[in-house]
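Engineer: Sharing my_file.txt (compact mmCIF, C-alpha atoms and all ligand atoms) below.
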```txt
# COMPACT_ATOMS: atom_id res chain seq x y z
CA MET N 1 2.98 9.69 8.29
CA ASN N 2 4.08 6.48 10.04
CA ASN N 3 1.76 3.71 11.17
CA LYS N 4 1.50 4.94 14.78
CA ALA N 5 0.25 8.31 13.50
CA GLU N 6 -1.98 6.61 10.92
CA THR N 7 -3.50 4.46 13.68
CA ALA N 8 -4.01 7.51 15.85
CA LYS N 9 -5.98 9.18 13.06
CA LYS N 10 -9.48 8.12 14.00
CA GLY N 11 -11.19 5.87 11.50
CA ALA N 12 -8.28 5.78 9.08
CA ALA N 13 -8.31 2.16 7.94
CA ARG N 14 -5.08 2.63 6.08
CA VAL N 15 -1.61 1.26 6.47
CA ARG N 16 1.59 2.93 5.29
CA ILE N 17 3.88 0.49 3.51
CA LEU N 18 7.26 1.96 2.50
CA GLY N 19 5.59 5.34 2.77
CA ARG N 20 2.66 4.53 0.48
CA PRO N 21 -0.95 4.40 1.74
CA VAL N 22 -2.89 1.14 1.36
CA ASP N 23 -6.56 0.88 2.31
CA CYS N 24 -7.38 -2.06 4.56
CA LEU N 25 -10.66 -3.28 3.09
CA THR N 26 -12.32 -6.23 1.40
CA ARG N 27 -13.24 -6.32 -2.28
CA ASP N 28 -16.90 -5.75 -1.36
CA ALA N 29 -15.97 -2.67 0.68
CA ALA N 30 -13.80 -1.37 -2.18
CA LEU N 31 -16.72 -1.84 -4.56
CA GLY N 32 -18.94 0.00 -2.06
CA LYS N 33 -16.61 3.01 -2.19
CA ILE N 34 -16.63 2.92 -5.99
CA MET N 35 -20.44 2.85 -6.06
CA GLN N 36 -20.48 5.79 -3.65
CA ALA N 37 -18.25 7.72 -6.07
CA TRP N 38 -20.66 6.95 -8.92
CA ARG N 39 -23.57 8.22 -6.84
CA GLY N 40 -21.67 11.37 -5.89
CA LYS N 41 -20.48 11.86 -9.50
CA LYS N 42 -16.91 12.26 -8.33
CA PHE N 43 -13.54 11.71 -9.97
CA PHE N 44 -12.22 8.63 -8.21
CA HIS N 45 -8.87 7.03 -8.97
CA VAL N 46 -8.40 3.41 -7.91
CA VAL N 47 -4.90 1.94 -7.64
CA THR N 48 -4.51 -1.77 -7.05
CA ALA N 49 -1.02 -1.84 -5.56
CA ASN N 50 1.20 -4.89 -5.55
CA ALA N 51 4.62 -5.28 -3.93
CA GLU N 52 6.45 -4.54 -7.16
CA MET N 53 4.59 -1.26 -7.63
CA ILE N 54 5.10 -0.11 -4.04
CA TYR N 55 8.79 -0.95 -4.15
CA ARG N 56 9.16 0.83 -7.48
CA SER N 57 7.51 3.93 -6.04
CA THR N 58 10.36 4.23 -3.51
CA HIS N 59 12.59 5.39 -6.36
CA ASP N 60 9.97 6.88 -8.70
CA ASP N 61 8.65 10.13 -7.21
CA MET N 62 5.93 10.57 -9.78
CA LEU N 63 4.54 7.09 -9.15
CA ALA N 64 4.71 7.78 -5.39
CA LYS N 65 2.72 10.99 -5.89
CA VAL N 66 0.06 9.27 -7.99
CA ILE N 67 -0.44 6.56 -5.35
CA GLU N 68 -0.55 9.21 -2.61
CA GLU N 69 -3.24 11.17 -4.42
CA ALA N 70 -5.41 8.18 -5.43
CA GLU N 71 -8.81 8.01 -3.77
CA LEU N 72 -8.51 4.26 -3.15
CA VAL N 73 -5.44 1.99 -2.95
CA THR N 74 -6.10 -1.73 -2.57
CA ALA N 75 -3.71 -4.48 -1.45
CA ASP N 76 -3.19 -6.36 -4.69
CA GLY N 77 -0.93 -9.24 -3.76
CA ILE N 78 0.11 -11.53 -0.98
CA GLY N 79 3.28 -9.46 -0.40
CA VAL N 80 1.25 -6.34 0.40
CA VAL N 81 -1.20 -8.30 2.59
CA LEU N 82 1.68 -9.86 4.57
CA ALA N 83 3.37 -6.47 4.91
CA SER N 84 0.15 -4.94 6.28
CA ARG N 85 -0.07 -7.73 8.88
CA LEU N 86 3.51 -7.29 9.96
CA LEU N 87 3.00 -3.55 10.30
CA GLY N 88 0.00 -4.04 12.57
CA ARG N 89 -2.82 -2.84 10.30
CA PRO N 90 -3.86 -5.95 8.41
CA ALA N 91 -5.58 -5.70 5.05
CA PRO N 92 -8.42 -8.25 5.39
CA GLU N 93 -7.83 -9.83 2.00
CA ARG N 94 -6.13 -9.43 -1.33
CA VAL N 95 -8.11 -7.18 -3.68
CA ALA N 96 -6.69 -8.10 -7.08
CA GLY N 97 -7.03 -5.67 -9.98
CA TYR N 98 -8.63 -8.23 -12.27
CA ASP N 99 -11.25 -9.25 -9.67
CA LEU N 100 -12.10 -5.65 -8.83
CA MET N 101 -12.36 -4.82 -12.55
CA ILE N 102 -14.83 -7.69 -13.05
CA SER N 103 -16.91 -6.55 -10.05
CA CYS N 104 -16.94 -3.01 -11.47
CA LEU N 105 -18.01 -4.24 -14.91
CA GLU N 106 -20.83 -6.22 -13.33
CA GLN N 107 -22.06 -3.17 -11.38
CA ALA N 108 -21.61 -0.89 -14.39
CA SER N 109 -23.80 -3.15 -16.50
CA ARG N 110 -26.46 -3.25 -13.76
CA GLN N 111 -26.45 0.52 -13.31
CA ASN N 112 -26.09 1.49 -17.01
CA ILE N 113 -22.74 3.13 -16.39
CA PRO N 114 -20.82 3.59 -19.66
CA VAL N 115 -17.36 2.01 -19.70
CA PHE N 116 -14.32 3.09 -21.71
CA PHE N 117 -11.58 0.50 -22.32
CA LEU N 118 -8.13 2.04 -22.85
CA GLY N 119 -5.03 -0.06 -23.38
CA ALA N 120 -3.51 -3.32 -24.67
CA ARG N 121 -2.82 -4.30 -28.28
CA PRO N 122 -5.67 -3.61 -30.74
CA GLU N 123 -6.59 -7.28 -31.28
CA VAL N 124 -6.48 -7.99 -27.53
CA LEU N 125 -8.58 -4.92 -26.79
CA GLN N 126 -11.22 -5.92 -29.33
CA LYS N 127 -11.51 -9.41 -27.83
CA ALA N 128 -11.54 -8.04 -24.28
CA VAL N 129 -14.43 -5.67 -25.06
CA ALA N 130 -16.35 -8.47 -26.81
CA ALA N 131 -15.76 -10.79 -23.84
CA ALA N 132 -17.00 -8.12 -21.40
CA VAL N 133 -20.19 -7.59 -23.41
CA THR N 134 -20.80 -11.34 -23.65
CA ARG N 135 -20.27 -11.78 -19.93
CA PHE N 136 -22.34 -8.76 -18.96
CA PRO N 137 -25.08 -8.34 -21.57
CA GLY N 138 -26.36 -4.80 -21.73
CA LEU N 139 -22.97 -3.36 -20.75
CA GLN N 140 -22.70 0.13 -22.23
CA VAL N 141 -19.39 0.50 -24.04
CA ALA N 142 -18.56 4.22 -24.19
CA GLY N 143 -15.54 3.52 -26.38
CA SER N 144 -12.20 1.81 -26.64
CA ARG N 145 -8.67 2.64 -27.75
CA ASP N 146 -5.52 0.55 -27.76
CA GLY N 147 -2.58 1.47 -25.56
CA TYR N 148 0.05 1.81 -28.26
CA PHE N 149 -0.33 5.46 -29.20
CA LEU N 150 2.61 7.82 -29.64
CA PRO N 151 3.57 10.28 -26.90
CA GLY N 152 2.37 13.10 -29.18
CA GLU N 153 -1.10 11.52 -29.31
CA GLU N 154 -1.64 11.47 -25.55
CA GLU N 155 -3.70 14.69 -25.50
CA GLU N 156 -5.90 13.51 -28.32
CA VAL N 157 -6.51 10.19 -26.52
CA ALA N 158 -7.53 12.11 -23.40
CA SER N 159 -9.95 14.25 -25.46
CA GLN N 160 -11.41 11.14 -27.10
CA VAL N 161 -11.99 9.46 -23.74
CA SER N 162 -13.43 12.62 -22.26
CA SER N 163 -15.83 13.22 -25.16
CA ARG N 164 -17.40 9.78 -24.58
CA ARG N 165 -18.17 10.67 -20.95
CA PRO N 166 -17.53 7.27 -19.36
CA GLY N 167 -18.52 6.53 -15.78
CA LEU N 168 -15.86 3.86 -15.59
CA LEU N 169 -12.50 4.15 -17.34
CA LEU N 170 -10.27 1.07 -17.35
CA VAL N 171 -6.65 1.83 -18.24
CA ALA N 172 -4.62 -1.26 -19.15
CA MET N 173 -1.17 -0.02 -20.13
CA GLY N 174 0.95 -1.55 -17.35
CA VAL N 175 2.64 0.08 -14.35
CA PRO N 176 3.71 2.90 -14.26
CA LYS N 177 2.59 4.04 -17.72
CA GLN N 178 -1.11 3.82 -16.88
CA GLU N 179 -0.74 5.63 -13.52
CA LYS N 180 1.25 8.42 -15.13
CA TRP N 181 -1.29 8.83 -17.92
CA ILE N 182 -4.10 9.00 -15.36
CA SER N 183 -2.21 11.55 -13.27
CA ARG N 184 -1.41 13.72 -16.27
CA PHE N 185 -4.87 13.73 -17.82
CA GLY N 186 -7.12 13.11 -14.80
CA ASP N 187 -8.26 16.73 -14.65
CA LYS N 188 -9.29 16.63 -18.33
CA LEU N 189 -11.62 13.69 -17.67
CA PRO N 190 -15.27 13.96 -16.63
CA PRO N 191 -16.13 12.80 -13.09
CA CYS N 192 -15.64 9.05 -13.35
CA VAL N 193 -14.05 6.06 -11.68
CA VAL N 194 -10.62 5.44 -13.24
CA MET N 195 -8.71 2.27 -12.59
CA GLY N 196 -5.31 1.11 -13.79
CA VAL N 197 -5.76 -2.59 -14.55
CA GLY N 198 -2.36 -3.67 -15.96
CA GLY N 199 -2.60 -6.90 -17.92
CA SER N 200 -6.30 -7.47 -17.16
CA PHE N 201 -7.44 -7.04 -20.79
CA ASP N 202 -5.03 -9.84 -21.73
CA VAL N 203 -6.85 -12.09 -19.27
CA LEU N 204 -10.34 -10.89 -20.23
CA SER N 205 -9.57 -11.49 -23.91
CA GLY N 206 -8.31 -15.02 -23.24
CA LYS N 207 -4.75 -14.18 -24.36
CA ALA N 208 -3.40 -14.73 -20.84
CA ARG N 209 -4.65 -16.97 -18.08
CA ARG N 210 -4.91 -16.34 -14.39
CA ALA N 211 -3.48 -18.89 -12.00
CA PRO N 212 -5.88 -21.67 -10.91
CA ALA N 213 -7.98 -20.75 -7.86
CA TRP N 214 -5.94 -22.96 -5.50
CA VAL N 215 -2.70 -21.22 -6.58
CA GLN N 216 -4.33 -17.82 -5.96
CA LYS N 217 -5.56 -19.02 -2.56
CA ALA N 218 -2.09 -20.21 -1.64
CA GLY N 219 -0.79 -16.70 -2.39
CA LEU N 220 1.39 -17.98 -5.22
CA GLU N 221 -0.06 -16.19 -8.25
CA TRP N 222 3.17 -14.16 -8.58
CA LEU N 223 5.14 -17.43 -8.94
CA TYR N 224 2.68 -18.75 -11.53
CA ARG N 225 3.13 -15.57 -13.59
CA ILE N 226 6.93 -15.89 -13.51
CA VAL N 227 6.74 -19.53 -14.62
CA ARG N 228 4.33 -18.65 -17.46
CA GLU N 229 6.28 -15.52 -18.47
CA PRO N 230 9.97 -15.91 -17.53
CA SER N 231 10.58 -12.39 -18.86
CA ARG N 232 8.96 -11.22 -15.61
CA LEU N 233 11.82 -12.62 -13.56
CA LYS N 234 13.77 -9.37 -13.55
CA ARG N 235 10.76 -7.43 -12.27
CA ALA N 236 10.11 -10.14 -9.68
CA MET N 237 13.51 -9.45 -8.16
CA ASP N 238 11.80 -6.47 -6.55
CA LEU N 239 9.76 -8.84 -4.36
CA PRO N 240 12.55 -9.89 -1.96
CA LEU N 241 13.76 -6.26 -1.91
CA PHE N 242 10.22 -5.17 -1.00
CA LEU N 243 10.07 -7.69 1.86
CA LEU N 244 13.46 -6.62 3.20
CA ALA N 245 12.47 -2.96 3.09
CA VAL N 246 9.21 -3.77 4.92
CA LEU N 247 11.16 -5.64 7.59
CA ALA N 248 13.41 -2.60 8.02
CA GLN N 249 10.30 -0.39 8.37
CA PHE N 250 8.85 -2.79 10.96
CA LEU N 251 12.04 -2.71 13.05
CA LYS N 252 12.22 1.10 12.81
CA GLU N 253 8.57 1.55 13.86
CA ARG N 254 9.01 -0.82 16.81
CA ARG N 255 11.70 1.35 18.30
N1 LIG N 301 0.52 -1.99 -22.79
C1 LIG N 301 -0.05 -0.93 -23.47
N2 LIG N 301 0.75 0.08 -23.93
C2 LIG N 301 2.09 0.08 -23.72
C3 LIG N 301 2.66 -0.98 -22.98
C4 LIG N 301 1.85 -2.00 -22.52
O1 LIG N 301 -1.25 -0.90 -23.68
O2 LIG N 301 2.74 1.02 -24.16
C5 LIG N 301 -0.34 -3.08 -22.33
C6 LIG N 301 0.12 -4.48 -22.70
O3 LIG N 301 -0.32 -4.80 -24.01
C7 LIG N 301 -0.54 -5.31 -21.63
C8 LIG N 301 -0.54 -4.38 -20.41
O4 LIG N 301 -0.31 -3.07 -20.92
O5 LIG N 301 -1.86 -5.60 -22.00
C9 LIG N 301 0.58 -4.65 -19.41
O6 LIG N 301 0.37 -5.84 -18.79
P1 LIG N 301 1.27 -6.29 -17.54
O7 LIG N 301 0.76 -7.63 -17.14
O8 LIG N 301 2.71 -6.14 -17.85
O9 LIG N 301 0.83 -5.20 -16.45
P2 LIG N 301 1.46 -4.88 -15.03
O10 LIG N 301 2.08 -6.17 -14.53
O11 LIG N 301 2.46 -3.79 -15.24
O12 LIG N 301 0.30 -4.42 -14.22
```
Let me see the file written as structure tokens.
Ligand code: UDP
Structural biologist:
Amino acid sequence: MNNKAETAKKGAARVRILGRPVDCLTRDAALGKIMQAWRGKKFFHVVTANAEMIYRSTHDDMLAKVIEEAELVTADGIGVVLASRLLGRPAPERVAGYDLMISCLEQASRQNIPVFFLGARPEVLQKAVAAAVTRFPGLQVAGSRDGYFLPGEEEEVASQVSSRRPGLLLVAMGVPKQEKWISRFGDKLPPCVVMGVGGSFDVLSGKARRAPAWVQKAGLEWLYRIVREPSRLKRAMDLPLFLLAVLAQFLKERR
């Protein structure tokens, strides 16, 4: 569906960027949808999509399918926000995975919703869980498991998560590993909110730092991450390719 058709669909506050759907909403509105899913006891997959992920999905069919099927896709990054503006359906703000995760943890602790933490290295995971409990006293931890299990252990991990019946499952194994795990085992999980959160446990644990607020405000967090972790440079090459592809989409839709 292109953006003209998407616009014609009454009430669809979504934009199609390189074929992928992105919901045009604020972090508060995203949290509202998540709370609605908790009330309705529904399975609800949240993808926080950045430019790199959307571009990657143009040549990764499985990733494209997972994004298509997700219940909520937020604009996680200045590139996606700019693309939405250019394509005429502006996302009102960036809804970063880390920020949305923190908002969810806060709500989960208020509403006694058990949280399962899946992903990252064992020592990082342990510190991340401890930091979450310190920050949100009373948070119910349904369980945790690091993200370095063997492919043959995937089923067992899914059974472990499922047996703990979390209401919120945070999966921090990086893109696209986390999305593919969620897609493969989603139907084995109890009704819960599942969110792929990438490197967020690294930040929660204190191992990694987010950019200062002014850098985030200036829309330069991606640059900060490349400077801090030069190994990201190769992945960041997808950013200009993303922007070029969006420009091509814009020109095509204008015709
Ligand atoms: N990770 C994991 N299992 C793996 C590979 C990675 O749990 O097999 C974790 C890794 O330790 C890190 C996170 O996934 O905590 C990936 O972080 P990154 O910032 O690269 O996420 P992305 O940018 O892909 O969202």
Engineer: Can you list, as a count of residues only, every protein, DNA or RNA residue that comes within 10 Å of segment 178-186 of chain N when you count all atoms listed in the file, leaving out same-chain residues fewer than 5 positions away?
Structural biologist: 33
Engineer: Could you check the closest approach to ligand LIG 301 (chain N) for each of N:Arg56, N:Arg165, N:Arg135, N:Arg254 and tell me which residue wins, using all atoms listed in the file?
Structural biologist: N:Arg56
Engineer: Please return as an MDAnalysis selection string the residues found within 10 Å of ligand LIG 301 (chain N), counting all atoms listed in the file.
Structural biologist: chainID N and resid 48:50 52:53 97:98 118:125 145:151 171:178 196:203 205 207:208 225 229 232 235
Engineer: Record the distance separating atom CA of Gly77 of chain N and atom CA of Arg14 of chain N, expressed in Å with one decimal.
Structural biologist: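 Atom CA of Arg14 of chain N lies at a distance of 16.0 Å from atom CA of Gly77 of chain N.
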Engineer: So that I can see what lies close to Ala30 of chain N, please list as a list in words the residues with an atom at most 9 Å from it, counting all atoms listed in the file and leaving out residues fewer than 3 positions away in the same chain.
Structural biologist: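 Residues near the query, excluding close chain neighbours: Asp23, Leu25, Thr26, Arg27, Lys33, Ile34, Met35, Leu72, Thr74, Val95 and Leu100 of chain N.
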